[in-house]
Amino acid sequence: MRRLDNIDIRLLRVFVALADSGGFADAQITLNLSQPTLSTHLAELEKRIGAQLCHRGRKQFRLTEVGQATYDAALKLFRDLDDFGHRISAASGSLSGRLRIGTSDGVFTSDELGIQHALKRFMGPDSDVFIDLTLGTPSELEQQVADGERDVVIGPLSQKAPGVVYRDYCGEPHFLYCGRRHPLFALHDSRIDQGAIDAARFSVRSYRYFDDLYLVGHPRASASVIHMEAQLMLILSGNFIGFLPMHFASSWVESGDLRAIKPGSYTFSSRHLIAYRKADETRSLVQAFVRELIDRNRAFTAAS
């Protein structure tokens, strides 16, 4: 039987990234490596394992049976390595290891929601923590933390994932906006009736499709987006109205490029939660970051 104890962990990480990307083209961007370098790493791993790991061609990339088994085993190995690091750091009283965080997009402009403020305090000068940060929709984040792909996620979650602990975090006020080039921009709110709203093209968040329509009473959507930056682009074009978080839109309002439409009528607050797996309630790295988030929020609330 071929000995596998000398396989370079880096080769496995390259292989997993290649599999996750579905081919060489996207993996080149993810890893910032050239295709010849990726091919060399893959060939070396296949040589050490003694089997072909994937079928690759110009239009197709798929794992072989051995490749799928290697991928699954590599993911388990990475989780075990992370757990090893967490256990050692807990025993030594220090924080180290990989912390996989997920959050909604468009929150960095919020002093209350932007996790950069918590990260500033969490990552001390001698910190040995590796941060893996990704953005996602609420449903994606919730699924990722339930599946163990993320350690901590923050967003307007549905609280439906089994085996997940949810902690209240903070609210995010939203208003209905139009851009400076939109016909409604120059109208006083008193002159904007439901007919004017219904006649405007309405852009919705795809994960809140019917909620957005219901909040405005609009008959149909003319566009849908996933990310807040895309929503902002559509509204700034002057062709669409749509909801944006108040903090995300504030700089554009101040510059005169956006305005809120009837803010007393068209508004809602999205409640953000912190979520982590119940199995991680004793993991010092996860709990230390969660405490930092909550402490930051309490300090902000007390100062407001």
# chains A, B, ... in the order shown; residues from 1 in each chain; ligands from 1
$ closest_atom_pairs --of "segment 186-274 of chain A" --to "segment 153-174 of chain A" --cutoff "6 Å" --atoms "only C-alpha atoms" --output "tab-separated table"
residue	atom	partner	partner_atom	distance
A:Leu244	CA	A:His174	CA	5.4
A:Pro245	CA	A:His174	CA	4.2
A:Met246	CA	A:His174	CA	5.2
A:Thr267	CA	A:His174	CA	5.6
A:Phe268	CA	A:His174	CA	5.4
A:Ser269	CA	A:Pro173	CA	4.2
A:Ser270	CA	A:Glu172	CA	5.0
A:Arg271	CA	A:Gly171	CA	4.4
A:His272	CA	A:Pro156	CA	4.3
A:Leu273	CA	A:Asp168	CA	4.8
A:Ile274	CA	A:Ile154	CA	4.6
$ write_last_selection --atoms "all heavy atoms" --output "CSV table (one decimal), in the first residue's frame"
chain,number,residue,atom,x,y,z
A,244,LEU,N,-32.7,50.0,0.3
A,244,LEU,CA,-31.3,50.0,0.7
A,244,LEU,C,-31.1,50.2,2.2
A,244,LEU,O,-32.0,50.9,2.8
A,244,LEU,CB,-30.5,51.1,0.0
A,244,LEU,CG,-30.2,50.9,-1.5
A,244,LEU,CD1,-29.6,52.2,-2.1
A,244,LEU,CD2,-29.2,49.8,-1.8
A,245,PRO,N,-30.1,49.6,2.8
A,245,PRO,CA,-29.9,50.0,4.2
A,245,PRO,C,-29.5,51.5,4.3
A,245,PRO,O,-28.8,52.0,3.5
A,245,PRO,CB,-28.7,49.1,4.6
A,245,PRO,CG,-28.6,48.0,3.6
A,245,PRO,CD,-29.2,48.6,2.3
A,246,MET,N,-30.1,52.1,5.4
A,246,MET,CA,-29.9,53.5,5.5
A,246,MET,C,-28.4,53.9,5.6
A,246,MET,O,-27.9,54.9,5.0
A,246,MET,CB,-30.6,54.0,6.8
A,246,MET,CG,-30.5,55.5,7.0
A,246,MET,SD,-31.4,56.0,8.5
A,246,MET,CE,-30.4,55.2,9.8
A,267,THR,N,-40.5,51.8,4.9
A,267,THR,CA,-39.4,51.5,5.8
A,267,THR,C,-39.6,50.2,6.5
A,267,THR,O,-40.7,49.8,6.8
A,267,THR,CB,-39.1,52.6,6.8
A,267,THR,OG1,-38.0,52.3,7.5
A,267,THR,CG2,-40.3,52.8,7.7
A,268,PHE,N,-38.5,49.6,6.8
A,268,PHE,CA,-38.5,48.4,7.7
A,268,PHE,C,-37.1,48.2,8.3
A,268,PHE,O,-36.1,48.8,7.9
A,268,PHE,CB,-38.9,47.1,7.0
A,268,PHE,CG,-37.8,46.6,6.0
A,268,PHE,CD1,-36.9,45.6,6.4
A,268,PHE,CD2,-37.8,47.1,4.7
A,268,PHE,CE1,-35.9,45.2,5.5
A,268,PHE,CE2,-36.8,46.6,3.8
A,268,PHE,CZ,-35.9,45.7,4.2
A,269,SER,N,-37.0,47.4,9.4
A,269,SER,CA,-35.7,47.2,10.0
A,269,SER,C,-35.4,45.7,9.9
A,269,SER,O,-36.2,44.8,10.3
A,269,SER,CB,-35.7,47.6,11.5
A,269,SER,OG,-34.5,47.3,12.1
A,270,SER,N,-34.3,45.4,9.4
A,270,SER,CA,-33.8,44.0,9.2
A,270,SER,C,-33.0,43.6,10.5
A,270,SER,O,-32.0,44.3,10.8
A,270,SER,CB,-32.9,43.9,8.0
A,270,SER,OG,-32.5,42.6,7.8
A,271,ARG,N,-33.5,42.6,11.2
A,271,ARG,CA,-32.8,42.2,12.4
A,271,ARG,C,-31.7,41.2,12.1
A,271,ARG,O,-31.9,40.2,11.6
A,271,ARG,CB,-33.8,41.5,13.4
A,271,ARG,CG,-33.3,41.5,14.8
A,271,ARG,CD,-33.3,42.9,15.4
A,271,ARG,NE,-32.5,42.9,16.6
A,271,ARG,CZ,-32.1,44.0,17.2
A,271,ARG,NH1,-32.5,45.2,16.7
A,271,ARG,NH2,-31.4,44.0,18.3
A,272,HIS,N,-30.4,41.6,12.5
A,272,HIS,CA,-29.3,40.7,12.3
A,272,HIS,C,-29.0,39.9,13.5
A,272,HIS,O,-29.1,40.3,14.6
A,272,HIS,CB,-28.1,41.6,11.9
A,272,HIS,CG,-28.1,42.1,10.5
A,272,HIS,ND1,-27.2,41.8,9.6
A,272,HIS,CD2,-29.0,43.0,9.9
A,272,HIS,CE1,-27.4,42.4,8.4
A,272,HIS,NE2,-28.5,43.1,8.6
A,273,LEU,N,-28.5,38.7,13.2
A,273,LEU,CA,-28.2,37.7,14.3
A,273,LEU,C,-26.8,37.2,14.1
A,273,LEU,O,-26.3,37.2,13.0
A,273,LEU,CB,-29.2,36.5,14.2
A,273,LEU,CG,-30.7,36.9,14.3
A,273,LEU,CD1,-31.5,35.6,13.9
A,273,LEU,CD2,-31.1,37.3,15.7
A,274,ILE,N,-26.3,36.7,15.2
A,274,ILE,CA,-25.0,36.0,15.1
A,274,ILE,C,-25.3,34.5,15.3
A,274,ILE,O,-26.2,34.1,16.1
A,274,ILE,CB,-24.1,36.4,16.3
A,274,ILE,CG1,-23.8,37.9,16.2
A,274,ILE,CG2,-22.8,35.6,16.3
A,274,ILE,CD1,-23.1,38.4,17.5
$ residues_around --residues "Leu12 of chain A" --least-positions-apart "5" --cutoff "9 Å" --atoms "only C-alpha atoms" --output "VMD selection string"
chain A and resid 7 17 42 45 70 to 71 74
$ write_last_selection --atoms "N, CA, C and O atoms" --output "compact mmCIF listing (two decimals), in the first residue's frame"
# COMPACT_ATOMS: atom_id res chain seq x y z
N ILE A 7 2.48 13.43 2.27
CA ILE A 7 1.79 14.34 1.35
C ILE A 7 1.81 15.76 1.92
O ILE A 7 1.45 15.97 3.08
N ALA A 17 -9.14 23.60 -3.56
CA ALA A 17 -9.51 24.87 -4.21
C ALA A 17 -9.83 24.64 -5.67
O ALA A 17 -10.76 25.25 -6.23
N LEU A 42 -1.03 19.50 -9.13
CA LEU A 42 -2.00 18.41 -9.24
C LEU A 42 -1.29 17.12 -9.65
O LEU A 42 -1.58 16.05 -9.10
N LEU A 45 0.51 15.64 -6.68
CA LEU A 45 -0.40 15.00 -5.74
C LEU A 45 -0.87 13.65 -6.29
O LEU A 45 -0.95 12.66 -5.55
N THR A 70 -10.62 11.62 -2.15
CA THR A 70 -9.52 12.47 -1.67
C THR A 70 -10.04 13.82 -1.21
O THR A 70 -9.61 14.36 -0.19
N TYR A 71 -10.97 14.39 -1.97
CA TYR A 71 -11.58 15.68 -1.62
C TYR A 71 -12.28 15.59 -0.26
O TYR A 71 -12.07 16.43 0.61
N ALA A 74 -9.76 15.18 2.50
CA ALA A 74 -9.00 16.41 2.72
C ALA A 74 -9.80 17.40 3.56
O ALA A 74 -9.26 18.05 4.46
$ closest_atom_pairs --of "segment 38-148 of chain A" --to "segment 291-300 of chain A" --cutoff "12 Å" --atoms "only C-alpha atoms" --output "CSV"
residue,atom,partner,partner_atom,distance
A:Ile101,CA,A:Leu293,CA,12.0
A:Ser110,CA,A:Phe300,CA,11.0
A:Asp111,CA,A:Phe300,CA,7.9
A:Glu112,CA,A:Asn297,CA,6.1
A:Leu113,CA,A:Asn297,CA,8.0
A:Gly114,CA,A:Leu293,CA,9.6
A:Ile115,CA,A:Leu293,CA,7.3
A:Gln116,CA,A:Leu293,CA,9.9
A:His117,CA,A:Arg296,CA,7.5
A:Ala118,CA,A:Leu293,CA,5.5
A:Leu119,CA,A:Glu292,CA,8.1
A:Lys120,CA,A:Glu292,CA,9.8
A:Arg121,CA,A:Glu292,CA,7.5
A:Phe122,CA,A:Glu292,CA,6.6
A:Met123,CA,A:Glu292,CA,10.4
$ write_last_selection --atoms "N, CA and C atoms" --output "PDB file, in the first residue's frame"
ATOM      1  N   ILE A 101     -15.485  33.123   8.981  1.00  0.00           N
ATOM      2  CA  ILE A 101     -16.578  34.053   9.254  1.00  0.00           C
ATOM      3  C   ILE A 101     -17.371  34.295   7.975  1.00  0.00           C
ATOM      4  N   SER A 110     -21.655  50.445   8.237  1.00  0.00           N
ATOM      5  CA  SER A 110     -22.368  50.598   9.506  1.00  0.00           C
ATOM      6  C   SER A 110     -21.398  50.485  10.669  1.00  0.00           C
ATOM      7  N   ASP A 111     -21.372  51.493  11.546  1.00  0.00           N
ATOM      8  CA  ASP A 111     -20.542  51.424  12.746  1.00  0.00           C
ATOM      9  C   ASP A 111     -21.011  50.316  13.679  1.00  0.00           C
ATOM     10  N   GLU A 112     -22.285  49.979  13.579  1.00  0.00           N
ATOM     11  CA  GLU A 112     -22.852  48.968  14.467  1.00  0.00           C
ATOM     12  C   GLU A 112     -22.690  47.559  13.902  1.00  0.00           C
ATOM     13  N   LEU A 113     -22.860  47.424  12.577  1.00  0.00           N
ATOM     14  CA  LEU A 113     -22.830  46.102  11.947  1.00  0.00           C
ATOM     15  C   LEU A 113     -21.472  45.721  11.380  1.00  0.00           C
ATOM     16  N   GLY A 114     -20.665  46.705  10.985  1.00  0.00           N
ATOM     17  CA  GLY A 114     -19.399  46.417  10.334  1.00  0.00           C
ATOM     18  C   GLY A 114     -18.467  45.631  11.229  1.00  0.00           C
ATOM     19  N   ILE A 115     -18.158  44.390  10.850  1.00  0.00           N
ATOM     20  CA  ILE A 115     -17.363  43.538  11.743  1.00  0.00           C
ATOM     21  C   ILE A 115     -15.895  43.966  11.774  1.00  0.00           C
ATOM     22  N   GLN A 116     -15.511  44.921  10.904  1.00  0.00           N
ATOM     23  CA  GLN A 116     -14.123  45.387  10.955  1.00  0.00           C
ATOM     24  C   GLN A 116     -13.791  45.995  12.321  1.00  0.00           C
ATOM     25  N   HIS A 117     -14.792  46.560  12.977  1.00  0.00           N
ATOM     26  CA  HIS A 117     -14.561  47.168  14.291  1.00  0.00           C
ATOM     27  C   HIS A 117     -14.276  46.095  15.350  1.00  0.00           C
ATOM     28  N   ALA A 118     -15.018  44.981  15.272  1.00  0.00           N
ATOM     29  CA  ALA A 118     -14.780  43.880  16.199  1.00  0.00           C
ATOM     30  C   ALA A 118     -13.446  43.198  15.890  1.00  0.00           C
ATOM     31  N   LEU A 119     -13.125  43.063  14.605  1.00  0.00           N
ATOM     32  CA  LEU A 119     -11.868  42.429  14.212  1.00  0.00           C
ATOM     33  C   LEU A 119     -10.662  43.228  14.686  1.00  0.00           C
ATOM     34  N   LYS A 120     -10.804  44.557  14.707  1.00  0.00           N
ATOM     35  CA  LYS A 120      -9.698  45.402  15.139  1.00  0.00           C
ATOM     36  C   LYS A 120      -9.287  45.059  16.569  1.00  0.00           C
ATOM     37  N   ARG A 121     -10.268  44.847  17.433  1.00  0.00           N
ATOM     38  CA  ARG A 121      -9.984  44.521  18.837  1.00  0.00           C
ATOM     39  C   ARG A 121      -9.627  43.043  18.987  1.00  0.00           C
ATOM     40  N   PHE A 122     -10.255  42.191  18.175  1.00  0.00           N
ATOM     41  CA  PHE A 122     -10.057  40.744  18.293  1.00  0.00           C
ATOM     42  C   PHE A 122      -8.644  40.330  17.877  1.00  0.00           C
ATOM     43  N   MET A 123      -8.136  40.970  16.820  1.00  0.00           N
ATOM     44  CA  MET A 123      -6.814  40.612  16.294  1.00  0.00           C
ATOM     45  C   MET A 123      -5.740  41.470  16.953  1.00  0.00           C
TER      46      MET A 123
END
$ select_by_dssp --residues "segment 54-160 of chain A" --states "strand (DSSP E or B)" --output "list in words"
Cys54, His55, Arg56, Phe61, Arg62, Leu63, Ser96, Gly97, Arg98, Leu99, Arg100, Ile101, Gly102, Thr103, Asp128, Val129, Phe130, Ile131, Asp132, Leu133, Thr134, Leu135, Val152, Val153, Ile154 and Gly155 of chain A
$ closest_residue --among "A:Ala275, A:Ile29, A:Val216, A:Ile241" --to "Gln144 of chain A" --atoms "only C-alpha atoms"
A:Ala275
$ atom_distance --atom1 "atom CA of Phe289 of chain A" --atom2 "atom CA of Ser139 of chain A"
21.8 Å
$ select_by_dssp --residues "segment 251-300 of chain A" --states "helix (DSSP H, G or I)" --output "PyMOL selection string"
chain A and resi 251-254+278-280+284-300
$ write_last_selection --atoms "N, CA, C and O atoms" --output "compact mmCIF listing (two decimals), in the first residue's frame"
# COMPACT_ATOMS: atom_id res chain seq x y z
N SER A 251 -24.08 58.13 2.33
CA SER A 251 -23.11 58.99 1.65
C SER A 251 -23.65 59.46 0.30
O SER A 251 -23.36 60.58 -0.15
N TRP A 252 -24.45 58.63 -0.34
CA TRP A 252 -25.04 59.01 -1.64
C TRP A 252 -26.18 60.00 -1.44
O TRP A 252 -26.41 60.85 -2.30
N VAL A 253 -26.86 59.88 -0.31
CA VAL A 253 -27.90 60.87 0.01
C VAL A 253 -27.25 62.23 0.27
O VAL A 253 -27.71 63.27 -0.23
N GLU A 254 -26.16 62.22 1.01
CA GLU A 254 -25.46 63.47 1.33
C GLU A 254 -24.89 64.15 0.09
O GLU A 254 -24.84 65.38 0.01
N LYS A 278 -24.02 24.63 17.66
CA LYS A 278 -24.12 24.28 19.09
C LYS A 278 -22.89 23.51 19.53
O LYS A 278 -22.44 23.65 20.67
N ALA A 279 -22.30 22.75 18.60
CA ALA A 279 -21.10 21.98 18.93
C ALA A 279 -19.90 22.88 19.22
O ALA A 279 -18.91 22.42 19.79
N ASP A 280 -19.98 24.16 18.84
CA ASP A 280 -18.87 25.09 19.03
C ASP A 280 -19.06 25.99 20.25
O ASP A 280 -18.34 26.98 20.40
N SER A 284 -13.01 28.03 22.17
CA SER A 284 -12.57 29.33 22.67
C SER A 284 -12.44 30.36 21.56
O SER A 284 -12.76 31.53 21.76
N LEU A 285 -11.97 29.97 20.38
CA LEU A 285 -11.77 30.91 19.30
C LEU A 285 -13.10 31.49 18.83
O LEU A 285 -13.25 32.70 18.64
N VAL A 286 -14.09 30.62 18.65
CA VAL A 286 -15.42 31.05 18.22
C VAL A 286 -16.05 31.94 19.28
O VAL A 286 -16.57 33.02 18.97
N GLN A 287 -16.02 31.49 20.52
CA GLN A 287 -16.68 32.24 21.57
C GLN A 287 -16.02 33.59 21.84
O GLN A 287 -16.67 34.57 22.18
N ALA A 288 -14.69 33.65 21.68
CA ALA A 288 -13.99 34.92 21.88
C ALA A 288 -14.42 35.94 20.84
O ALA A 288 -14.62 37.12 21.15
N PHE A 289 -14.60 35.49 19.61
CA PHE A 289 -15.03 36.42 18.56
C PHE A 289 -16.48 36.84 18.76
O PHE A 289 -16.83 38.01 18.58
N VAL A 290 -17.33 35.91 19.14
CA VAL A 290 -18.74 36.24 19.40
C VAL A 290 -18.83 37.25 20.53
O VAL A 290 -19.60 38.22 20.46
N ARG A 291 -18.04 37.07 21.59
CA ARG A 291 -18.05 38.03 22.71
C ARG A 291 -17.59 39.41 22.22
O ARG A 291 -18.14 40.43 22.66
N GLU A 292 -16.62 39.43 21.34
CA GLU A 292 -16.13 40.72 20.83
C GLU A 292 -17.22 41.43 20.03
O GLU A 292 -17.40 42.65 20.15
N LEU A 293 -17.96 40.68 19.23
CA LEU A 293 -19.07 41.26 18.47
C LEU A 293 -20.12 41.85 19.42
O LEU A 293 -20.58 42.98 19.22
N ILE A 294 -20.50 41.08 20.42
CA ILE A 294 -21.55 41.53 21.35
C ILE A 294 -21.07 42.71 22.19
O ILE A 294 -21.81 43.68 22.40
N ASP A 295 -19.82 42.66 22.64
CA ASP A 295 -19.28 43.78 23.43
C ASP A 295 -19.22 45.05 22.60
O ASP A 295 -19.52 46.15 23.09
N ARG A 296 -18.83 44.92 21.34
CA ARG A 296 -18.77 46.08 20.45
C ARG A 296 -20.16 46.67 20.26
O ARG A 296 -20.35 47.89 20.31
N ASN A 297 -21.14 45.81 20.08
CA ASN A 297 -22.51 46.29 19.90
C ASN A 297 -23.04 46.98 21.15
O ASN A 297 -23.70 48.02 21.06
N ARG A 298 -22.74 46.43 22.32
CA ARG A 298 -23.19 47.04 23.57
C ARG A 298 -22.54 48.40 23.78
O ARG A 298 -23.19 49.36 24.20
N ALA A 299 -21.25 48.50 23.44
CA ALA A 299 -20.55 49.78 23.58
C ALA A 299 -21.13 50.82 22.63
O ALA A 299 -21.29 51.98 23.01
N PHE A 300 -21.46 50.39 21.43
CA PHE A 300 -22.04 51.32 20.45
C PHE A 300 -23.41 51.79 20.93
O PHE A 300 -23.73 52.97 20.85
$ closest_residue --among "A:Gly106, A:Asp126, A:Leu176, A:Tyr276" --to "His247 of chain A" --atoms "only C-alpha atoms"
A:Gly106
$ residues_around --residues "Ala230 of chain A" --least-positions-apart "6" --cutoff "12 Å" --atoms "only C-alpha atoms" --output "PyMOL selection string"
chain A and resi 105-106+203-206+223-224+236-237+240+242-244
$ closest_residue --among "A:Arg180, A:Thr137, A:Phe61, A:Leu232" --to "Tyr207 of chain A" --atoms "only C-alpha atoms"
A:Thr137
$ residues_around --residues "Arg13 of chain A" --least-positions-apart "3" --cutoff "10 Å" --atoms "only C-alpha atoms" --output "PDB file with C-alpha atoms, in the first residue's frame"
ATOM      1  CA  ASP A   8       2.277  18.079   1.496  1.00  0.00           C
ATOM      2  CA  ILE A   9      -0.797  19.738   3.036  1.00  0.00           C
ATOM      3  CA  ARG A  10      -0.370  22.575   0.546  1.00  0.00           C
ATOM      4  CA  VAL A  16      -9.546  21.319  -2.821  1.00  0.00           C
ATOM      5  CA  ALA A  17      -9.505  24.867  -4.212  1.00  0.00           C
ATOM      6  CA  LEU A  18      -9.344  23.426  -7.728  1.00  0.00           C
ATOM      7  CA  ALA A  19     -12.331  21.166  -7.042  1.00  0.00           C
ATOM      8  CA  LEU A  31      -5.086  30.911  -5.663  1.00  0.00           C
ATOM      9  CA  TYR A  71     -11.582  15.682  -1.624  1.00  0.00           C
ATOM     10  CA  ALA A  74      -9.000  16.412   2.721  1.00  0.00           C
ATOM     11  CA  LEU A  75     -11.941  18.424   4.064  1.00  0.00           C
ATOM     12  CA  PHE A  78      -8.567  20.323   7.450  1.00  0.00           C
TER      13      PHE A  78
END
$ closest_residue --among "A:Asp198, A:Glu281, A:Asp151, A:Glu65" --to "Asp82 of chain A" --atoms "only C-alpha atoms"
A:Asp151
